[in-house]
Amino acid sequence: MTQEPVSLAQALASFTDRWSPRVVTAVNDYDVRIAKVEGEHVWHVHDHTDEFFLVLDGELHIALREPAGERTVVLPRGSVFTVPRGTEHKPSASVPTAILMFEPTGTLTVGDRHDEVPDHVDATTGHALSRFGAAESYAP
């Protein structure tokens, strides 16, 4: 990764795929990923890590299956939320939404356990942003 500033607006403008995050930088052993999302993701669990979400634009809903039952948190633009490790969750967005996430490098977008992955969800550890805006596979 380069030591240059990254414009999130330019980075988001460089791709159109939904549910296919791009790694914009790293902090210690964590990737900072951005994604465009719309529709539903998949129920999944990260057994060993929390998952941090920041909504840059739009509105993200995260359904959670907790010991007390199911609930959905609604995150409007500018909101943050952390899904605790081991919590089954399913993000969704009814409008085009842009998000930023912190996850340990190598974390799969569909977690350690998940439902069947639909075609519109990219099961990846993230893609790098190229200088020219085209996505490349990300290899730490």
# chains A, B, ... in the order shown; residues from 1 in each chain; ligands from 1
$ residues_around --residues "A:Ser94" --least-positions-apart "4" --cutoff "9 Å" --atoms "only C-alpha atoms" --output "list in words"
Glu38, Gly39, Glu40, Gly58, Glu59, Leu60 and His61 of chain A
$ residues_around --residues "A:Ala35" --least-positions-apart "2" --cutoff "10 Å" --atoms "only C-alpha atoms" --output "list in words"
Ala11, Leu12, Phe15, Thr16, Asp17, Arg18, Trp19, Ser20, Pro21, Arg22, Val23, Arg33, Val37, Glu38, Val55, Leu56, Thr97, Ala98, Ile99, Leu100, Met101 and Gly126 of chain A
$ atom_distance --atom1 "atom CA of A:His46" --atom2 "atom CA of A:Ala9"
28.3 Å
$ residues_around --residues "A:Arg71" --least-positions-apart "3" --cutoff "12 Å" --atoms "only C-alpha atoms" --output "PyMOL selection string"
chain A and resi 61-68+74+87-91
$ write_last_selection --atoms "all heavy atoms" --output "short mmCIF file (atom, residue, chain, number, x, y, z; two decimals), in the first residue's frame"
data_model
loop_
_atom_site.label_atom_id
_atom_site.label_comp_id
_atom_site.auth_asym_id
_atom_site.auth_seq_id
_atom_site.Cartn_x
_atom_site.Cartn_y
_atom_site.Cartn_z
N HIS A 61 -29.01 -1.06 6.96
CA HIS A 61 -29.74 -1.81 7.98
C HIS A 61 -28.91 -3.05 8.28
O HIS A 61 -28.40 -3.69 7.35
CB HIS A 61 -31.12 -2.23 7.48
CG HIS A 61 -32.03 -1.09 7.21
ND1 HIS A 61 -33.36 -1.10 7.52
CD2 HIS A 61 -31.81 0.14 6.66
CE1 HIS A 61 -33.92 0.03 7.16
NE2 HIS A 61 -32.99 0.80 6.63
N ILE A 62 -28.77 -3.37 9.55
CA ILE A 62 -28.06 -4.60 9.92
C ILE A 62 -28.98 -5.41 10.83
O ILE A 62 -29.28 -5.00 11.96
CB ILE A 62 -26.72 -4.32 10.63
CG1 ILE A 62 -25.82 -3.42 9.78
CG2 ILE A 62 -26.02 -5.65 10.97
CD1 ILE A 62 -24.53 -3.01 10.47
N ALA A 63 -29.46 -6.54 10.30
CA ALA A 63 -30.27 -7.46 11.10
C ALA A 63 -29.30 -8.28 11.95
O ALA A 63 -28.25 -8.71 11.48
CB ALA A 63 -31.09 -8.37 10.19
N LEU A 64 -29.67 -8.46 13.21
CA LEU A 64 -28.82 -9.17 14.17
C LEU A 64 -29.61 -10.30 14.81
O LEU A 64 -30.78 -10.11 15.16
CB LEU A 64 -28.34 -8.22 15.27
CG LEU A 64 -27.60 -6.98 14.83
CD1 LEU A 64 -27.56 -5.95 15.94
CD2 LEU A 64 -26.19 -7.35 14.39
N ARG A 65 -28.99 -11.44 14.99
CA ARG A 65 -29.57 -12.54 15.75
C ARG A 65 -28.78 -12.63 17.05
O ARG A 65 -27.62 -13.08 17.06
CB ARG A 65 -29.50 -13.85 14.97
CG ARG A 65 -30.45 -13.86 13.79
CD ARG A 65 -30.41 -15.18 13.04
NE ARG A 65 -31.40 -15.18 11.97
CZ ARG A 65 -31.30 -15.93 10.87
NH1 ARG A 65 -30.27 -16.74 10.71
NH2 ARG A 65 -32.23 -15.88 9.94
N GLU A 66 -29.40 -12.16 18.12
CA GLU A 66 -28.76 -12.09 19.43
C GLU A 66 -29.46 -13.04 20.40
O GLU A 66 -30.57 -13.51 20.12
CB GLU A 66 -28.83 -10.66 19.95
CG GLU A 66 -28.13 -9.67 19.02
CD GLU A 66 -28.35 -8.22 19.39
OE1 GLU A 66 -29.51 -7.83 19.63
OE2 GLU A 66 -27.36 -7.49 19.46
N PRO A 67 -28.85 -13.33 21.55
CA PRO A 67 -29.49 -14.22 22.53
C PRO A 67 -30.91 -13.78 22.90
O PRO A 67 -31.79 -14.62 23.12
CB PRO A 67 -28.56 -14.16 23.73
CG PRO A 67 -27.22 -13.85 23.14
CD PRO A 67 -27.51 -12.94 21.97
N ALA A 68 -31.15 -12.48 22.93
CA ALA A 68 -32.48 -11.97 23.29
C ALA A 68 -33.46 -12.00 22.11
O ALA A 68 -34.63 -11.68 22.28
CB ALA A 68 -32.37 -10.53 23.82
N VAL A 74 -30.59 0.49 12.39
CA VAL A 74 -30.65 1.34 11.20
C VAL A 74 -29.57 2.40 11.34
O VAL A 74 -29.53 3.13 12.33
CB VAL A 74 -32.05 1.99 11.05
CG1 VAL A 74 -32.08 2.91 9.84
CG2 VAL A 74 -33.12 0.90 10.95
N THR A 87 -21.66 -12.76 16.46
CA THR A 87 -23.06 -12.37 16.28
C THR A 87 -23.46 -12.56 14.82
O THR A 87 -22.85 -11.98 13.92
CB THR A 87 -23.28 -10.90 16.69
OG1 THR A 87 -22.91 -10.73 18.05
CG2 THR A 87 -24.74 -10.49 16.50
N GLU A 88 -24.48 -13.38 14.59
CA GLU A 88 -24.97 -13.58 13.23
C GLU A 88 -25.63 -12.28 12.77
O GLU A 88 -26.42 -11.68 13.51
CB GLU A 88 -25.95 -14.74 13.20
CG GLU A 88 -26.27 -15.21 11.81
CD GLU A 88 -27.12 -16.48 11.77
OE1 GLU A 88 -27.62 -16.91 12.83
OE2 GLU A 88 -27.29 -17.01 10.67
N HIS A 89 -25.31 -11.84 11.57
CA HIS A 89 -25.85 -10.57 11.08
C HIS A 89 -26.01 -10.60 9.57
O HIS A 89 -25.40 -11.42 8.88
CB HIS A 89 -24.97 -9.39 11.50
CG HIS A 89 -23.56 -9.47 11.02
ND1 HIS A 89 -22.62 -10.35 11.52
CD2 HIS A 89 -22.91 -8.77 10.06
CE1 HIS A 89 -21.47 -10.18 10.91
NE2 HIS A 89 -21.62 -9.23 10.00
N LYS A 90 -26.88 -9.69 9.09
CA LYS A 90 -27.18 -9.60 7.66
C LYS A 90 -27.39 -8.12 7.31
O LYS A 90 -28.44 -7.55 7.58
CB LYS A 90 -28.44 -10.40 7.33
CG LYS A 90 -28.81 -10.36 5.86
CD LYS A 90 -30.07 -11.18 5.61
CE LYS A 90 -30.42 -11.26 4.16
NZ LYS A 90 -31.61 -12.08 3.93
N PRO A 91 -26.39 -7.50 6.68
CA PRO A 91 -26.55 -6.12 6.24
C PRO A 91 -27.47 -6.03 5.02
O PRO A 91 -27.54 -6.97 4.21
CB PRO A 91 -25.14 -5.68 5.86
CG PRO A 91 -24.23 -6.70 6.49
CD PRO A 91 -25.03 -7.97 6.53
#
$ closest_residue --among "A:Val27, A:Gln3, A:Arg77, A:Ser92" --to "A:Trp43" --atoms "only C-alpha atoms"
A:Ser92
$ closest_residue --among "A:Val6, A:Ile34, A:Ala93, A:Val83" --to "A:Asp47" --atoms "only C-alpha atoms"
A:Val83
$ atom_distance --atom1 "atom CA of A:Glu103" --atom2 "atom CA of A:Glu51"
6.0 Å
$ atom_distance --atom1 "atom CA of A:Thr109" --atom2 "atom CA of A:Pro84"
15.0 Å
$ closest_residue --among "A:Pro96, A:Pro5, A:Gly106, A:Gly86" --to "A:Asp50" --atoms "only C-alpha atoms"
A:Gly86
$ closest_residue --among "A:Val42, A:Ala26, A:Leu54, A:Ala128" --to "A:Gly78" --atoms "only C-alpha atoms"
A:Leu54
$ closest_residue --among "A:Tyr30, A:Ser14, A:Ser7, A:Val24" --to "A:Pro104" --atoms "only C-alpha atoms"
A:Tyr30
$ decode --residues "stretch 66-79 of chain A" --atoms "all heavy atoms" --output "mmCIF file, in the first residue's frame"
data_model
loop_
_atom_site.group_PDB
_atom_site.id
_atom_site.type_symbol
_atom_site.label_atom_id
_atom_site.label_comp_id
_atom_site.auth_asym_id
_atom_site.auth_seq_id
_atom_site.Cartn_x
_atom_site.Cartn_y
_atom_site.Cartn_z
ATOM 1 N N GLU A 66 -29.404 -12.160 18.119
ATOM 2 C CA GLU A 66 -28.762 -12.095 19.429
ATOM 3 C C GLU A 66 -29.461 -13.044 20.398
ATOM 4 O O GLU A 66 -30.571 -13.505 20.118
ATOM 5 C CB GLU A 66 -28.828 -10.657 19.948
ATOM 6 C CG GLU A 66 -28.133 -9.670 19.016
ATOM 7 C CD GLU A 66 -28.348 -8.224 19.387
ATOM 8 O OE1 GLU A 66 -29.509 -7.830 19.634
ATOM 9 O OE2 GLU A 66 -27.360 -7.494 19.458
ATOM 10 N N PRO A 67 -28.849 -13.331 21.554
ATOM 11 C CA PRO A 67 -29.493 -14.219 22.527
ATOM 12 C C PRO A 67 -30.915 -13.784 22.903
ATOM 13 O O PRO A 67 -31.788 -14.623 23.119
ATOM 14 C CB PRO A 67 -28.557 -14.164 23.733
ATOM 15 C CG PRO A 67 -27.218 -13.854 23.138
ATOM 16 C CD PRO A 67 -27.509 -12.939 21.972
ATOM 17 N N ALA A 68 -31.151 -12.478 22.928
ATOM 18 C CA ALA A 68 -32.481 -11.967 23.285
ATOM 19 C C ALA A 68 -33.461 -12.003 22.113
ATOM 20 O O ALA A 68 -34.634 -11.680 22.277
ATOM 21 C CB ALA A 68 -32.375 -10.535 23.821
ATOM 22 N N GLY A 69 -32.988 -12.381 20.919
ATOM 23 C CA GLY A 69 -33.846 -12.428 19.744
ATOM 24 C C GLY A 69 -33.268 -11.619 18.596
ATOM 25 O O GLY A 69 -32.157 -11.116 18.669
ATOM 26 N N GLU A 70 -34.069 -11.491 17.539
ATOM 27 C CA GLU A 70 -33.634 -10.729 16.367
ATOM 28 C C GLU A 70 -33.998 -9.267 16.526
ATOM 29 O O GLU A 70 -35.042 -8.936 17.090
ATOM 30 C CB GLU A 70 -34.297 -11.267 15.091
ATOM 31 C CG GLU A 70 -33.625 -12.494 14.546
ATOM 32 C CD GLU A 70 -34.096 -12.857 13.135
ATOM 33 O OE1 GLU A 70 -34.516 -11.959 12.373
ATOM 34 O OE2 GLU A 70 -34.025 -14.055 12.817
ATOM 35 N N ARG A 71 -33.140 -8.411 16.002
ATOM 36 C CA ARG A 71 -33.421 -6.975 15.919
ATOM 37 C C ARG A 71 -32.670 -6.420 14.732
ATOM 38 O O ARG A 71 -31.755 -7.064 14.201
ATOM 39 C CB ARG A 71 -33.041 -6.240 17.196
ATOM 40 C CG ARG A 71 -31.543 -6.123 17.427
ATOM 41 C CD ARG A 71 -31.247 -5.341 18.712
ATOM 42 N NE ARG A 71 -29.817 -5.323 18.999
ATOM 43 C CZ ARG A 71 -29.086 -4.212 19.061
ATOM 44 N NH1 ARG A 71 -29.647 -3.016 18.870
ATOM 45 N NH2 ARG A 71 -27.799 -4.274 19.330
ATOM 46 N N THR A 72 -33.056 -5.241 14.289
ATOM 47 C CA THR A 72 -32.380 -4.572 13.182
ATOM 48 C C THR A 72 -31.952 -3.187 13.626
ATOM 49 O O THR A 72 -32.758 -2.431 14.185
ATOM 50 C CB THR A 72 -33.308 -4.464 11.952
ATOM 51 O OG1 THR A 72 -33.661 -5.792 11.538
ATOM 52 C CG2 THR A 72 -32.621 -3.745 10.804
ATOM 53 N N VAL A 73 -30.694 -2.863 13.410
ATOM 54 C CA VAL A 73 -30.216 -1.512 13.670
ATOM 55 C C VAL A 73 -30.215 -0.767 12.341
ATOM 56 O O VAL A 73 -29.915 -1.339 11.294
ATOM 57 C CB VAL A 73 -28.816 -1.487 14.323
ATOM 58 C CG1 VAL A 73 -28.857 -2.089 15.714
ATOM 59 C CG2 VAL A 73 -27.785 -2.184 13.483
ATOM 60 N N VAL A 74 -30.590 0.493 12.386
ATOM 61 C CA VAL A 74 -30.652 1.339 11.196
ATOM 62 C C VAL A 74 -29.574 2.403 11.338
ATOM 63 O O VAL A 74 -29.531 3.133 12.328
ATOM 64 C CB VAL A 74 -32.049 1.987 11.050
ATOM 65 C CG1 VAL A 74 -32.080 2.912 9.837
ATOM 66 C CG2 VAL A 74 -33.120 0.905 10.951
ATOM 67 N N LEU A 75 -28.732 2.475 10.335
ATOM 68 C CA LEU A 75 -27.612 3.410 10.349
ATOM 69 C C LEU A 75 -27.751 4.428 9.219
ATOM 70 O O LEU A 75 -27.480 4.114 8.060
ATOM 71 C CB LEU A 75 -26.290 2.659 10.169
ATOM 72 C CG LEU A 75 -26.003 1.523 11.141
ATOM 73 C CD1 LEU A 75 -24.752 0.775 10.736
ATOM 74 C CD2 LEU A 75 -25.867 2.065 12.536
ATOM 75 N N PRO A 76 -28.178 5.638 9.547
ATOM 76 C CA PRO A 76 -28.203 6.683 8.517
ATOM 77 C C PRO A 76 -26.787 7.198 8.249
ATOM 78 O O PRO A 76 -25.838 6.850 8.972
ATOM 79 C CB PRO A 76 -29.081 7.774 9.137
ATOM 80 C CG PRO A 76 -28.999 7.549 10.608
ATOM 81 C CD PRO A 76 -28.721 6.089 10.814
ATOM 82 N N ARG A 77 -26.652 8.011 7.243
ATOM 83 C CA ARG A 77 -25.365 8.608 6.863
ATOM 84 C C ARG A 77 -24.673 9.193 8.097
ATOM 85 O O ARG A 77 -25.295 9.874 8.901
ATOM 86 C CB ARG A 77 -25.599 9.695 5.826
ATOM 87 C CG ARG A 77 -24.339 10.356 5.376
ATOM 88 C CD ARG A 77 -24.632 11.400 4.338
ATOM 89 N NE ARG A 77 -23.383 12.013 3.932
ATOM 90 C CZ ARG A 77 -23.301 13.165 3.332
ATOM 91 N NH1 ARG A 77 -24.389 13.840 3.033
ATOM 92 N NH2 ARG A 77 -22.132 13.647 2.993
ATOM 93 N N GLY A 78 -23.386 8.885 8.236
ATOM 94 C CA GLY A 78 -22.597 9.416 9.337
ATOM 95 C C GLY A 78 -22.632 8.560 10.595
ATOM 96 O O GLY A 78 -21.953 8.871 11.568
ATOM 97 N N SER A 79 -23.391 7.467 10.586
ATOM 98 C CA SER A 79 -23.507 6.612 11.762
ATOM 99 C C SER A 79 -22.474 5.490 11.731
ATOM 100 O O SER A 79 -22.066 5.034 10.674
ATOM 101 C CB SER A 79 -24.898 5.979 11.830
ATOM 102 O OG SER A 79 -25.871 6.966 12.000
#
